[in-house]
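Printed here is work_30.tsv (TSV, C-alpha atoms):
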```tsv
chain	number	residue	atom	x	y	z
A	1	MET	CA	20.97	158.28	2.43
A	2	SER	CA	17.58	157.15	1.35
A	3	ALA	CA	15.25	159.00	-0.91
A	4	THR	CA	12.67	156.24	-0.69
A	5	LEU	CA	11.92	156.52	3.01
A	6	ALA	CA	8.58	157.95	3.99
A	7	SER	CA	8.42	161.26	5.81
A	8	PRO	CA	9.03	160.67	9.48
A	9	LYS	CA	5.90	160.84	11.60
A	10	PRO	CA	6.26	162.27	15.10
A	11	ALA	CA	6.54	159.40	17.52
A	12	SER	CA	3.96	159.18	20.26
A	13	PRO	CA	5.46	157.86	23.46
A	14	GLY	CA	2.06	157.36	25.00
A	15	ASN	CA	0.81	155.23	22.13
A	16	ALA	CA	4.01	153.24	21.95
A	17	ALA	CA	3.80	152.44	25.65
A	18	ALA	CA	0.18	151.38	25.23
A	19	GLY	CA	1.25	149.21	22.31
A	20	VAL	CA	3.83	147.54	24.48
A	21	ARG	CA	1.23	146.70	27.08
A	22	VAL	CA	-1.29	145.25	24.66
A	23	ALA	CA	1.35	142.99	23.13
A	24	ASN	CA	0.54	140.55	25.97
A	25	GLY	CA	3.73	141.37	27.80
A	26	ARG	CA	5.73	139.64	25.06
A	27	ILE	CA	7.68	142.76	24.14
A	28	LEU	CA	8.48	143.49	27.77
A	29	ARG	CA	9.77	139.96	28.22
A	30	LEU	CA	12.09	140.44	25.26
A	31	VAL	CA	13.38	143.82	26.41
A	32	ARG	CA	13.87	143.96	30.14
A	33	SER	CA	16.58	146.48	30.76
A	34	GLY	CA	19.32	148.66	29.37
A	35	PRO	CA	19.23	151.32	26.65
A	36	GLU	CA	16.74	149.20	24.67
A	37	LEU	CA	14.15	149.46	27.46
A	38	ARG	CA	14.78	153.20	27.86
A	39	ALA	CA	14.30	153.71	24.11
A	40	LEU	CA	11.15	151.58	24.23
A	41	GLU	CA	9.73	153.56	27.13
A	42	SER	CA	10.42	156.86	25.38
A	43	GLY	CA	8.61	155.72	22.22
A	44	GLN	CA	11.74	155.53	20.05
A	45	VAL	CA	11.41	151.90	19.01
A	46	ASP	CA	9.69	150.53	15.89
A	47	ALA	CA	10.42	146.82	16.17
A	48	VAL	CA	11.64	144.27	18.68
A	49	LEU	CA	13.52	141.13	17.67
A	50	ASP	CA	12.67	137.76	19.15
A	51	ARG	CA	15.59	135.36	19.28
A	52	ALA	CA	13.31	132.36	19.94
A	53	THR	CA	11.30	132.74	16.74
A	54	GLY	CA	13.86	134.64	14.66
A	55	THR	CA	11.29	137.30	13.78
A	56	ALA	CA	10.81	141.01	14.30
A	57	PHE	CA	7.68	142.31	16.05
A	58	LEU	CA	6.50	145.67	14.83
A	59	LEU	CA	5.02	147.89	17.50
A	60	PRO	CA	1.46	149.06	16.69
A	61	ASP	CA	2.47	152.65	15.76
A	62	ALA	CA	5.06	151.35	13.32
A	63	GLN	CA	2.63	148.77	11.94
A	64	ARG	CA	0.00	151.45	11.32
A	65	ALA	CA	2.53	153.78	9.68
A	66	LEU	CA	3.88	151.06	7.38
A	67	ALA	CA	0.38	149.94	6.40
A	68	ALA	CA	-0.48	153.55	5.53
A	69	ALA	CA	2.81	154.10	3.66
A	70	GLY	CA	2.34	150.89	1.73
A	71	GLY	CA	-0.90	152.29	0.34
A	72	GLY	CA	-2.98	149.46	1.66
A	73	ILE	CA	-3.29	146.25	3.60
A	74	ALA	CA	-1.79	143.18	1.95
A	75	ASN	CA	-4.54	140.76	2.99
A	76	SER	CA	-7.89	141.26	1.28
A	77	LEU	CA	-9.99	140.08	4.25
A	78	LEU	CA	-8.31	142.59	6.58
A	79	ALA	CA	-8.43	145.30	3.91
A	80	ALA	CA	-12.23	144.85	3.68
A	81	LEU	CA	-12.72	145.76	7.35
A	82	PRO	CA	-13.62	149.25	8.58
A	83	ARG	CA	-10.43	151.06	9.56
A	84	ALA	CA	-11.29	151.11	13.29
A	85	ASP	CA	-11.92	147.35	13.30
A	86	TYR	CA	-8.65	146.72	11.48
A	87	GLU	CA	-6.71	148.91	13.88
A	88	SER	CA	-8.23	147.14	16.88
A	89	LEU	CA	-6.76	143.88	15.53
A	90	LEU	CA	-3.22	145.20	15.07
A	91	PRO	CA	-1.89	144.48	18.58
A	92	ALA	CA	-2.74	140.80	18.15
A	93	LEU	CA	-1.40	140.51	14.59
A	94	GLU	CA	2.21	139.47	14.32
A	95	PRO	CA	4.06	139.73	10.98
A	96	VAL	CA	5.73	136.42	10.13
A	97	ALA	CA	7.73	135.14	7.18
A	98	LEU	CA	6.51	131.73	5.98
A	99	ALA	CA	9.06	129.40	4.39
A	100	SER	CA	8.32	127.20	1.41
A	101	GLY	CA	7.57	123.64	2.61
A	102	GLN	CA	6.68	124.78	6.14
A	103	VAL	CA	3.70	122.93	7.63
A	104	LEU	CA	1.39	125.23	9.58
A	105	TYR	CA	-0.98	122.49	10.74
A	106	GLU	CA	-1.21	118.73	10.45
A	107	PRO	CA	-4.62	117.00	10.38
A	108	GLY	CA	-5.99	116.61	13.89
A	109	GLU	CA	-3.57	119.14	15.31
A	110	ARG	CA	-4.78	121.90	17.59
A	111	ILE	CA	-4.82	125.25	15.78
A	112	ARG	CA	-2.76	127.74	17.75
A	113	HIS	CA	-2.73	130.57	15.21
A	114	ALA	CA	-4.78	131.87	12.30
A	115	TYR	CA	-2.80	133.27	9.37
A	116	PHE	CA	-3.91	136.18	7.20
A	117	LEU	CA	-1.73	135.74	4.14
A	118	GLY	CA	0.20	138.46	2.35
A	119	ASP	CA	2.30	137.28	-0.56
A	120	ALA	CA	2.70	133.75	0.84
A	121	GLN	CA	0.60	130.90	-0.56
A	122	VAL	CA	-0.61	127.93	1.40
A	123	SER	CA	-2.14	124.64	0.17
A	124	LEU	CA	-4.80	122.94	2.23
A	125	LEU	CA	-4.37	119.21	1.69
A	126	THR	CA	-6.67	116.39	2.68
A	127	VAL	CA	-4.45	113.50	3.71
A	128	VAL	CA	-5.57	109.93	3.02
A	129	VAL	CA	-3.45	107.98	5.49
A	130	MET	CA	-4.07	104.45	4.11
A	131	GLU	CA	-3.09	105.52	0.59
A	132	ARG	CA	-0.26	107.73	1.85
A	133	LYS	CA	-1.55	110.40	-0.50
A	134	SER	CA	-2.87	113.92	-0.21
A	135	LEU	CA	-5.19	115.99	-2.35
A	136	GLU	CA	-5.15	119.77	-2.51
A	137	ILE	CA	-8.52	121.17	-1.52
A	138	ASN	CA	-7.64	124.83	-1.67
A	139	LEU	CA	-4.74	127.07	-2.56
A	140	ILE	CA	-4.93	130.19	-0.41
A	141	GLY	CA	-3.19	133.48	-1.06
A	142	ARG	CA	-3.61	137.11	-0.07
A	143	GLU	CA	-7.36	136.86	-0.60
A	144	GLY	CA	-7.76	134.50	2.32
A	145	MET	CA	-6.82	133.16	5.73
A	146	ILE	CA	-5.70	129.86	7.22
A	147	GLY	CA	-7.58	128.80	10.33
A	148	ILE	CA	-11.21	128.76	9.18
A	149	PRO	CA	-12.12	126.00	11.72
A	150	LEU	CA	-11.56	128.58	14.48
A	151	VAL	CA	-14.20	130.82	12.91
A	152	LEU	CA	-16.65	127.92	12.81
A	153	GLY	CA	-16.10	126.90	16.42
A	154	ALA	CA	-13.65	123.99	15.89
A	155	GLU	CA	-10.22	123.89	17.51
A	156	THR	CA	-8.37	121.31	15.42
A	157	SER	CA	-7.38	121.30	11.77
A	158	PRO	CA	-8.99	118.71	9.46
A	159	VAL	CA	-6.29	119.29	6.82
A	160	ARG	CA	-2.57	119.77	6.37
A	161	ALA	CA	-1.69	123.41	5.72
A	162	LEU	CA	1.51	123.46	3.67
A	163	VAL	CA	3.30	126.63	2.53
A	164	GLN	CA	3.70	126.41	-1.26
A	165	LYS	CA	5.26	129.80	-1.84
A	166	LYS	CA	7.29	131.60	0.78
A	167	GLY	CA	6.17	135.05	1.74
A	168	SER	CA	4.62	137.24	4.38
A	169	ALA	CA	1.57	136.72	6.58
A	170	LEU	CA	0.02	138.19	9.70
A	171	ARG	CA	-0.42	135.64	12.46
A	172	MET	CA	-3.03	135.87	15.22
A	173	PRO	CA	-3.29	133.58	18.26
A	174	ALA	CA	-6.48	131.49	18.36
A	175	ALA	CA	-7.66	133.10	21.62
A	176	SER	CA	-7.20	136.59	20.14
A	177	LEU	CA	-9.18	135.62	17.05
A	178	HIS	CA	-12.07	134.37	19.22
A	179	GLU	CA	-12.02	137.64	21.14
A	180	ALA	CA	-11.86	139.66	17.91
A	181	LEU	CA	-14.80	137.72	16.42
A	182	ARG	CA	-16.80	138.55	19.55
A	183	CYS	CA	-15.92	142.26	19.45
A	184	SER	CA	-16.04	142.95	15.71
A	185	PRO	CA	-19.25	142.09	13.82
A	186	ALA	CA	-17.51	143.25	10.61
A	187	LEU	CA	-14.71	140.70	11.07
A	188	ARG	CA	-17.21	137.97	11.97
A	189	HIS	CA	-19.29	138.72	8.88
A	190	GLU	CA	-16.23	138.86	6.60
A	191	LEU	CA	-14.77	135.56	7.84
A	192	LEU	CA	-18.12	133.70	7.80
A	193	ARG	CA	-18.69	134.91	4.24
A	194	TYR	CA	-15.21	133.70	3.35
A	195	ALA	CA	-15.79	130.31	5.01
A	196	TYR	CA	-19.05	129.90	3.06
A	197	ALA	CA	-17.29	130.78	-0.21
A	198	LYS	CA	-14.63	128.16	0.54
A	199	LEU	CA	-17.32	125.56	1.21
A	200	LEU	CA	-18.95	126.29	-2.15
A	201	GLN	CA	-15.56	126.15	-3.88
A	202	ALA	CA	-14.79	122.76	-2.31
A	203	ARG	CA	-18.14	121.43	-3.57
A	204	GLN	CA	-17.41	122.69	-7.07
A	205	THR	CA	-13.87	121.28	-7.03
A	206	ALA	CA	-15.14	117.87	-5.87
A	207	ALA	CA	-17.53	117.73	-8.84
A	208	CYS	CA	-14.81	119.00	-11.17
A	209	ASN	CA	-12.33	116.32	-10.03
A	210	ARG	CA	-14.96	113.64	-10.69
A	211	PHE	CA	-16.30	114.71	-14.07
A	212	HIS	CA	-13.81	116.88	-15.97
A	213	PRO	CA	-10.75	115.76	-18.00
A	214	ILE	CA	-7.26	116.32	-16.61
A	215	GLU	CA	-6.36	118.93	-19.23
A	216	ALA	CA	-9.30	121.17	-18.29
A	217	ARG	CA	-8.53	120.71	-14.58
A	218	ILE	CA	-4.89	121.62	-15.08
A	219	ALA	CA	-6.00	124.75	-16.95
A	220	ARG	CA	-8.30	125.62	-14.02
A	221	CYS	CA	-5.54	125.03	-11.50
A	222	LEU	CA	-3.03	127.18	-13.43
A	223	LEU	CA	-5.51	130.02	-13.85
A	224	THR	CA	-6.39	129.91	-10.14
A	225	THR	CA	-2.69	130.01	-9.23
A	226	ARG	CA	-2.19	132.94	-11.61
A	227	ASP	CA	-4.96	134.84	-9.84
A	228	ARG	CA	-3.41	134.10	-6.45
A	229	VAL	CA	0.11	135.23	-7.37
A	230	ARG	CA	-1.07	137.98	-9.72
A	231	SER	CA	1.52	136.93	-12.26
A	232	ASN	CA	1.57	134.87	-15.46
A	233	ALA	CA	4.81	133.16	-14.41
A	234	PHE	CA	5.25	131.15	-11.22
A	235	PRO	CA	7.29	128.17	-10.01
A	236	LEU	CA	5.31	124.93	-10.14
A	237	THR	CA	6.33	121.29	-10.31
A	238	HIS	CA	4.46	118.46	-12.01
A	239	GLU	CA	4.49	116.68	-8.64
A	240	HIS	CA	2.63	119.57	-7.05
A	241	LEU	CA	0.09	119.64	-9.89
A	242	ALA	CA	-0.41	115.87	-9.54
A	243	ASP	CA	-0.96	116.28	-5.77
A	244	ALA	CA	-3.26	119.24	-6.34
A	245	LEU	CA	-5.43	117.32	-8.78
A	246	GLY	CA	-5.20	113.87	-7.24
A	247	VAL	CA	-3.86	112.28	-10.43
A	248	ARG	CA	-0.67	110.44	-11.38
A	249	ARG	CA	2.30	112.50	-12.47
A	250	VAL	CA	2.40	110.92	-15.92
A	251	GLY	CA	-1.17	112.14	-16.51
A	252	VAL	CA	-0.09	115.67	-15.67
A	253	THR	CA	2.91	115.45	-18.01
A	254	ILE	CA	0.75	114.34	-20.95
A	255	ALA	CA	-1.98	116.94	-20.36
A	256	ALA	CA	0.48	119.80	-19.69
A	257	GLY	CA	2.36	118.80	-22.85
A	258	ALA	CA	-0.87	119.15	-24.83
A	259	LEU	CA	-1.43	122.67	-23.42
A	260	GLN	CA	2.17	123.52	-24.25
A	261	ARG	CA	1.80	122.33	-27.86
A	262	ARG	CA	-1.24	124.60	-28.19
A	263	LYS	CA	1.07	127.45	-27.05
A	264	LEU	CA	-1.17	128.24	-24.09
A	265	ILE	CA	1.60	127.65	-21.54
A	266	SER	CA	5.34	127.09	-21.44
A	267	TYR	CA	7.10	125.06	-18.78
A	268	ARG	CA	10.83	125.09	-18.28
A	269	HIS	CA	13.12	124.45	-15.31
A	270	GLY	CA	10.21	124.34	-12.88
A	271	LEU	CA	8.81	127.71	-14.02
A	272	MET	CA	5.26	127.71	-15.39
A	273	ARG	CA	4.40	130.56	-17.72
A	274	ILE	CA	0.91	131.30	-19.05
A	275	LEU	CA	1.32	132.52	-22.63
A	276	ASP	CA	-2.34	132.89	-23.58
A	277	GLY	CA	-4.67	133.56	-20.66
A	278	LYS	CA	-7.83	133.73	-22.77
A	279	GLY	CA	-6.93	130.53	-24.57
A	280	LEU	CA	-6.26	128.78	-21.26
A	281	GLU	CA	-9.63	129.96	-19.93
A	282	ALA	CA	-11.25	128.46	-23.02
A	283	ALA	CA	-9.37	125.20	-22.39
A	284	SER	CA	-10.48	125.03	-18.74
A	285	CYS	CA	-13.84	123.76	-17.58
A	286	GLU	CA	-16.61	126.09	-16.41
A	287	CYS	CA	-15.47	125.46	-12.83
A	288	TYR	CA	-12.76	128.12	-13.13
A	289	ALA	CA	-15.29	130.90	-13.78
A	290	ILE	CA	-17.58	129.58	-11.02
A	291	VAL	CA	-14.80	129.27	-8.45
A	292	ARG	CA	-13.49	132.69	-9.43
A	293	SER	CA	-16.87	134.27	-8.85
A	294	LEU	CA	-16.91	132.71	-5.37
A	295	ALA	CA	-13.35	133.71	-4.50
A	296	GLY	CA	-13.11	135.52	-1.18
B	1	MET	CA	20.67	142.38	0.12
B	2	PRO	CA	21.36	144.88	2.88
B	3	ARG	CA	21.89	148.25	1.42
B	4	LYS	CA	25.36	149.74	1.46
B	5	ARG	CA	25.68	153.42	1.09
B	6	LYS	CA	28.49	155.85	1.07
B	7	GLN	CA	27.80	159.52	1.43
B	8	LYS	CA	29.29	161.92	-1.08
B	9	ALA	CA	31.43	164.76	0.14
B	10	SER	CA	29.46	167.69	1.39
B	11	SER	CA	30.15	171.24	0.35
B	12	ARG	CA	29.82	172.23	3.99
B	13	VAL	CA	33.03	171.38	5.84
B	14	SER	CA	33.12	171.29	9.59
B	15	ALA	CA	36.19	172.73	11.21
B	16	ARG	CA	36.29	169.73	13.53
B	17	ALA	CA	35.67	167.05	10.95
B	18	VAL	CA	37.33	163.70	11.61
B	19	THR	CA	39.69	162.14	9.11
B	20	THR	CA	39.53	158.43	10.04
B	21	VAL	CA	36.81	156.44	8.32
B	22	VAL	CA	33.94	155.58	10.66
B	23	VAL	CA	32.27	152.27	9.83
B	24	MET	CA	28.66	152.00	11.02
B	25	ARG	CA	25.67	149.74	10.66
B	26	LEU	CA	22.14	151.02	11.12
B	27	TYR	CA	19.32	148.56	11.84
B	28	ILE	CA	15.89	149.82	10.85
B	29	ALA	CA	12.34	148.54	10.34
B	30	ASN	CA	11.62	149.60	6.78
B	31	SER	CA	10.29	153.18	6.78
B	32	ALA	CA	8.59	153.02	10.19
B	33	PRO	CA	8.54	156.44	11.91
B	34	ASN	CA	11.50	156.04	14.28
B	35	SER	CA	13.56	154.28	11.63
B	36	ALA	CA	12.96	157.10	9.15
B	37	LYS	CA	13.89	159.59	11.87
B	38	ALA	CA	17.08	157.70	12.67
B	39	VAL	CA	18.09	157.73	9.00
B	40	ALA	CA	17.43	161.45	8.73
B	41	ASN	CA	19.28	162.24	11.98
B	42	LEU	CA	22.27	160.13	11.00
B	43	GLU	CA	22.31	161.64	7.55
B	44	ALA	CA	22.54	165.12	9.06
B	45	ILE	CA	25.34	164.08	11.43
B	46	CYS	CA	27.34	162.41	8.65
B	47	LYS	CA	26.94	165.42	6.41
B	48	GLU	CA	28.09	167.84	9.05
B	49	TYR	CA	30.84	165.91	10.81
B	50	LEU	CA	32.03	163.02	8.65
B	51	GLN	CA	31.66	164.24	5.07
B	52	ASP	CA	33.33	161.53	3.02
B	53	ASN	CA	34.88	159.64	5.88
B	54	PHE	CA	32.32	157.01	6.72
B	55	LYS	CA	30.89	153.74	5.57
B	56	LEU	CA	27.31	152.93	6.44
B	57	GLU	CA	25.38	149.73	5.96
B	58	VAL	CA	21.64	149.82	6.52
B	59	VAL	CA	19.97	146.55	7.52
B	60	ASP	CA	16.18	146.24	7.38
B	61	VAL	CA	15.26	143.81	10.17
B	62	LEU	CA	11.89	143.06	8.59
B	63	GLU	CA	13.84	141.56	5.69
B	64	PHE	CA	16.89	140.27	7.55
B	65	PRO	CA	15.89	139.54	11.17
B	66	GLN	CA	18.49	136.78	11.53
B	67	ARG	CA	21.25	139.15	10.52
B	68	ALA	CA	20.27	141.59	13.26
B	69	LEU	CA	19.92	138.81	15.84
B	70	ALA	CA	23.36	137.47	14.92
B	71	ASP	CA	24.72	140.97	15.58
B	72	GLY	CA	23.06	141.06	19.02
B	73	ILE	CA	20.43	143.65	18.09
B	74	LEU	CA	17.24	143.63	20.19
B	75	VAL	CA	15.30	146.64	18.93
B	76	THR	CA	15.22	149.01	15.97
B	77	PRO	CA	16.35	151.57	15.24
B	78	SER	CA	19.85	150.75	16.53
B	79	LEU	CA	23.16	152.07	15.28
B	80	THR	CA	26.45	150.24	15.81
B	81	LYS	CA	29.87	151.76	15.31
B	82	LEU	CA	32.16	148.99	14.15
B	83	SER	CA	35.36	150.97	13.80
B	84	PRO	CA	37.49	152.75	14.82
B	85	TYR	CA	37.86	151.07	18.20
B	86	PRO	CA	36.07	151.12	20.63
B	87	SER	CA	32.86	149.84	19.09
B	88	ALA	CA	29.61	151.36	20.33
B	89	LYS	CA	25.86	150.92	20.08
B	90	ILE	CA	23.19	153.60	20.17
B	91	VAL	CA	19.52	152.69	20.49
B	92	GLY	CA	16.61	154.88	19.43
B	93	ASN	CA	15.90	157.44	16.75
B	94	LEU	CA	19.30	159.18	17.14
B	95	GLY	CA	17.57	162.44	18.06
B	96	ASP	CA	20.00	163.10	20.91
B	97	ARG	CA	22.83	164.42	18.78
B	98	ALA	CA	25.32	164.85	21.64
B	99	SER	CA	24.99	161.20	22.63
B	100	VAL	CA	25.38	160.02	19.05
B	101	LEU	CA	28.50	162.16	18.53
B	102	HIS	CA	29.95	160.89	21.80
B	103	ALA	CA	29.30	157.25	20.83
B	104	LEU	CA	30.85	157.79	17.42
B	105	GLY	CA	33.89	159.40	19.02
B	106	ILE	CA	33.37	162.73	17.30
B	107	LYS	CA	34.49	165.80	19.20
B	108	HIS	CA	32.23	168.78	18.79
```

Show me this structure written as structure tokens.
Amino acid sequence: MSATLASPKPASPGNAAAGVRVANGRILRLVRSGPELRALESGQVDAVLDRATGTAFLLPDAQRALAAAGGGIANSLLAALPRADYESLLPALEPVALASGQVLYEPGERIRHAYFLGDAQVSLLTVVVMERKSLEINLIGREGMIGIPLVLGAETSPVRALVQKKGSALRMPAASLHEALRCSPALRHELLRYAYAKLLQARQTAACNRFHPIEARIARCLLTTRDRVRSNAFPLTHEHLADALGVRRVGVTIAAGALQRRKLISYRHGLMRILDGKGLEAASCECYAIVRSLAG
Amino acid sequence: MPRKRKQKASSRVSARAVTTVVVMRLYIANSAPNSAKAVANLEAICKEYLQDNFKLEVVDVLEFPQRALADGILVTPSLTKLSPYPSAKIVGNLGDRASVLHALGIKH
């Protein structure tokens, strides 16, 4: 039936039962009786579906097996941890699918979960209420996490976190992250290093937005997005670029047109394609190389 | 899209093979251990008892959770027999062959 499936690994009823317990009772609330509970208790279950959230929870054994079969961990911050530290986080990490346009936090909102991104991408936007405008401070992908204020001791979000590209992420409740930061020096070090890198990037971007021409900033933004998605082609609207750079849309259209005439990019039907990466790097300001060297 | 598979006829023919087409849907979580086991166990049962006479759709709940929820599935792996009547559901890695055969209405 399927030649692509990994070799079955013997199930461990003991481990599965332990996994059920450490899932904060959530799994047991979802499966209370019947053949499902019997299968769960005998270690024959990989995932439990939650009608309330419309998602599937992988049990820790299944999560470990899939991470091993996939040849690695999607999120770079988690992948950088020692294996034992990573595995200790698994019970609190919940795989979620993020939808394009979904808002994870609004400014001033209490942060309930941190998100370690897989192939999803999330914009962090500073919202200027009086002007009814927002400016993209960071675009985060698999190299990063959403919820840095939690690492730095704050409980509310200063920015809007908006999903730009749908995809996967691992979600962790705020309380679990605090506990994990206390128990794992490696996680604490990794996330503080990441927070510091983001601070330096924000400083660089602020200077870039003030001093560099739109064309160079667009080139920087496109190259950064390319690095996040690991592809030379990605969907992108002029509106998003204008929001990301804090400029008017007409400015974006003129500058992107100039890059297109130089055959560095092509843009059609909402799909941005980088035709000449080296040329685009030459067209960008030095901020791209600096921000890249700081990237988590 | 959910994968649809139809098994080719096996060279090994069971003396008690059924002739009506059994329509089933298997809900799995990618290649997680119990899901992989369920696929392997079902594959062996189909080969031995159903040969060409079955239709199987495999739904990965990590990709299509809403589809599984709409079908009333709570955990994976789960196998549902959609036809012939009566419908049936088996939960777990399908390692208990007698129970699976009973649920599928296969005499053995």

Show me a table, sorted first by chain and then by increasing residue number, of the residues of segment 29-117 of chain A having an atom at most 9 Å from segment 164-185 of chain A, each with its shortest atom pair and the distance in Å to one decimal, counting only C-alpha atoms and written as a tab-separated table.
```
residue	atom	partner	partner_atom	distance
A:Ala74	CA	A:Ala169	CA	8.6
A:Asn75	CA	A:Ala169	CA	8.2
A:Asp85	CA	A:Ser184	CA	6.5
A:Ser88	CA	A:Ala180	CA	8.4
A:Leu89	CA	A:Ala180	CA	7.0
A:Ala92	CA	A:Met172	CA	5.7
A:Leu93	CA	A:Met172	CA	5.0
A:Glu94	CA	A:Arg171	CA	5.0
A:Pro95	CA	A:Leu170	CA	4.5
A:Val96	CA	A:Ala169	CA	5.5
A:Ala97	CA	A:Ser168	CA	4.7
A:Leu98	CA	A:Lys166	CA	5.3
A:Ala99	CA	A:Lys166	CA	4.6
A:Ser100	CA	A:Lys166	CA	4.6
A:Gly101	CA	A:Gln164	CA	6.1
A:Gln102	CA	A:Gln164	CA	8.1
A:Ile111	CA	A:Ala174	CA	7.0
A:Arg112	CA	A:Ala174	CA	5.3
A:His113	CA	A:Pro173	CA	4.3
A:Ala114	CA	A:Met172	CA	5.3
A:Tyr115	CA	A:Arg171	CA	4.6
A:Phe116	CA	A:Leu170	CA	5.1
A:Leu117	CA	A:Ala169	CA	4.2
```

Provide as a PyMOL selection string the residues of chain B at most 10 Å from chain A, counting only C-alpha atoms. chain B and resi 3-8+28-40+42-44+46+56+58+61-70+72-78+89-95

Could you please determine the separation between atom CA of Glu109 of chain A and atom CA of Thr225 of chain A in Å, to one decimal place? 26.9 Å

Please identify all polymer residues within 8 Å of Glu190 of chain A, counting only C-alpha atoms, omitting same-chain residues fewer than 3 positions from it, and present them as a PyMOL selection string. chain A and resi 77+80-81+186-187+193-194

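All protein, DNA and RNA residues at most 10 Å from (-2.7, 118.1, -21.9) are Pro213, Ile214, Glu215, Ala216, Arg217, Ile218, Ala219, Gly251, Val252, Thr253, Ile254, Ala255, Ala256, Gly257, Ala258, Leu259, Gln260, Arg261, Arg262 and Ala283 of chain A, using all atoms listed in the file.
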
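For Gln204 of chain A, the residues within 12 Å (counting all atoms listed in the file, excluding itself and residues fewer than 4 positions away along the chain) are Ile137, Asn138, Ala197, Lys198, Leu199, Leu200, Cys208, Asn209, Arg210, Phe211, His212, Arg217, Arg220, Cys285, Glu286, Cys287, Tyr288, Ala289, Ile290, Val291, Arg292, Ser293 and Leu294 of chain A.
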
Expressed in Å to a single decimal, how great is the separation between atom CA of Ile146 of chain A and atom CA of Ala79 of chain A? 16.0 Å

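Note that the spacing between atom CA of Leu150 of chain A and atom CA of Gly246 of chain A amounts to 27.0 Å.
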
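Closest approach to Pro84 of chain B among B:Leu26, B:Lys107, B:Ile45, B:Thr20: B:Thr20, based on all atoms listed in the file.
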
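Minimum atom-to-atom distances from B:Tyr27, B:Asp71, B:Leu101, B:Tyr85 to Glu48 of chain B were compared using all atoms listed in the file, and the lowest value belongs to B:Leu101.
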
Selection: 9 Å around Leu222 of chain A, only C-alpha atoms, excl. self and same-chain fewer than 5 positions, as number ranges by chain: A: 217, 227, 241, 272, 274, 280

Those selected residues, please, written with C-alpha atoms and delivered as a short mmCIF file (atom, residue, chain, number, x, y, z; two decimals), keeping the file's coordinate frame.
```
data_model
loop_
_atom_site.label_atom_id
_atom_site.label_comp_id
_atom_site.auth_asym_id
_atom_site.auth_seq_id
_atom_site.Cartn_x
_atom_site.Cartn_y
_atom_site.Cartn_z
CA ARG A 217 -8.53 120.71 -14.58
CA ASP A 227 -4.96 134.84 -9.84
CA LEU A 241 0.09 119.64 -9.89
CA MET A 272 5.26 127.71 -15.39
CA ILE A 274 0.91 131.30 -19.05
CA LEU A 280 -6.26 128.78 -21.26
#
```

Between A:Leu223, A:Leu124, A:Leu162, A:Leu90, smallest distance to Ala202 of chain A by all atoms listed in the file belongs to A:Leu124

Write out as an NGL selection string which residues come within 8 Å of Phe234 of chain A when counting all atoms listed in the file, dropping same-chain ones fewer than 4 positions away. :A and (226 or 229 or 271-273)
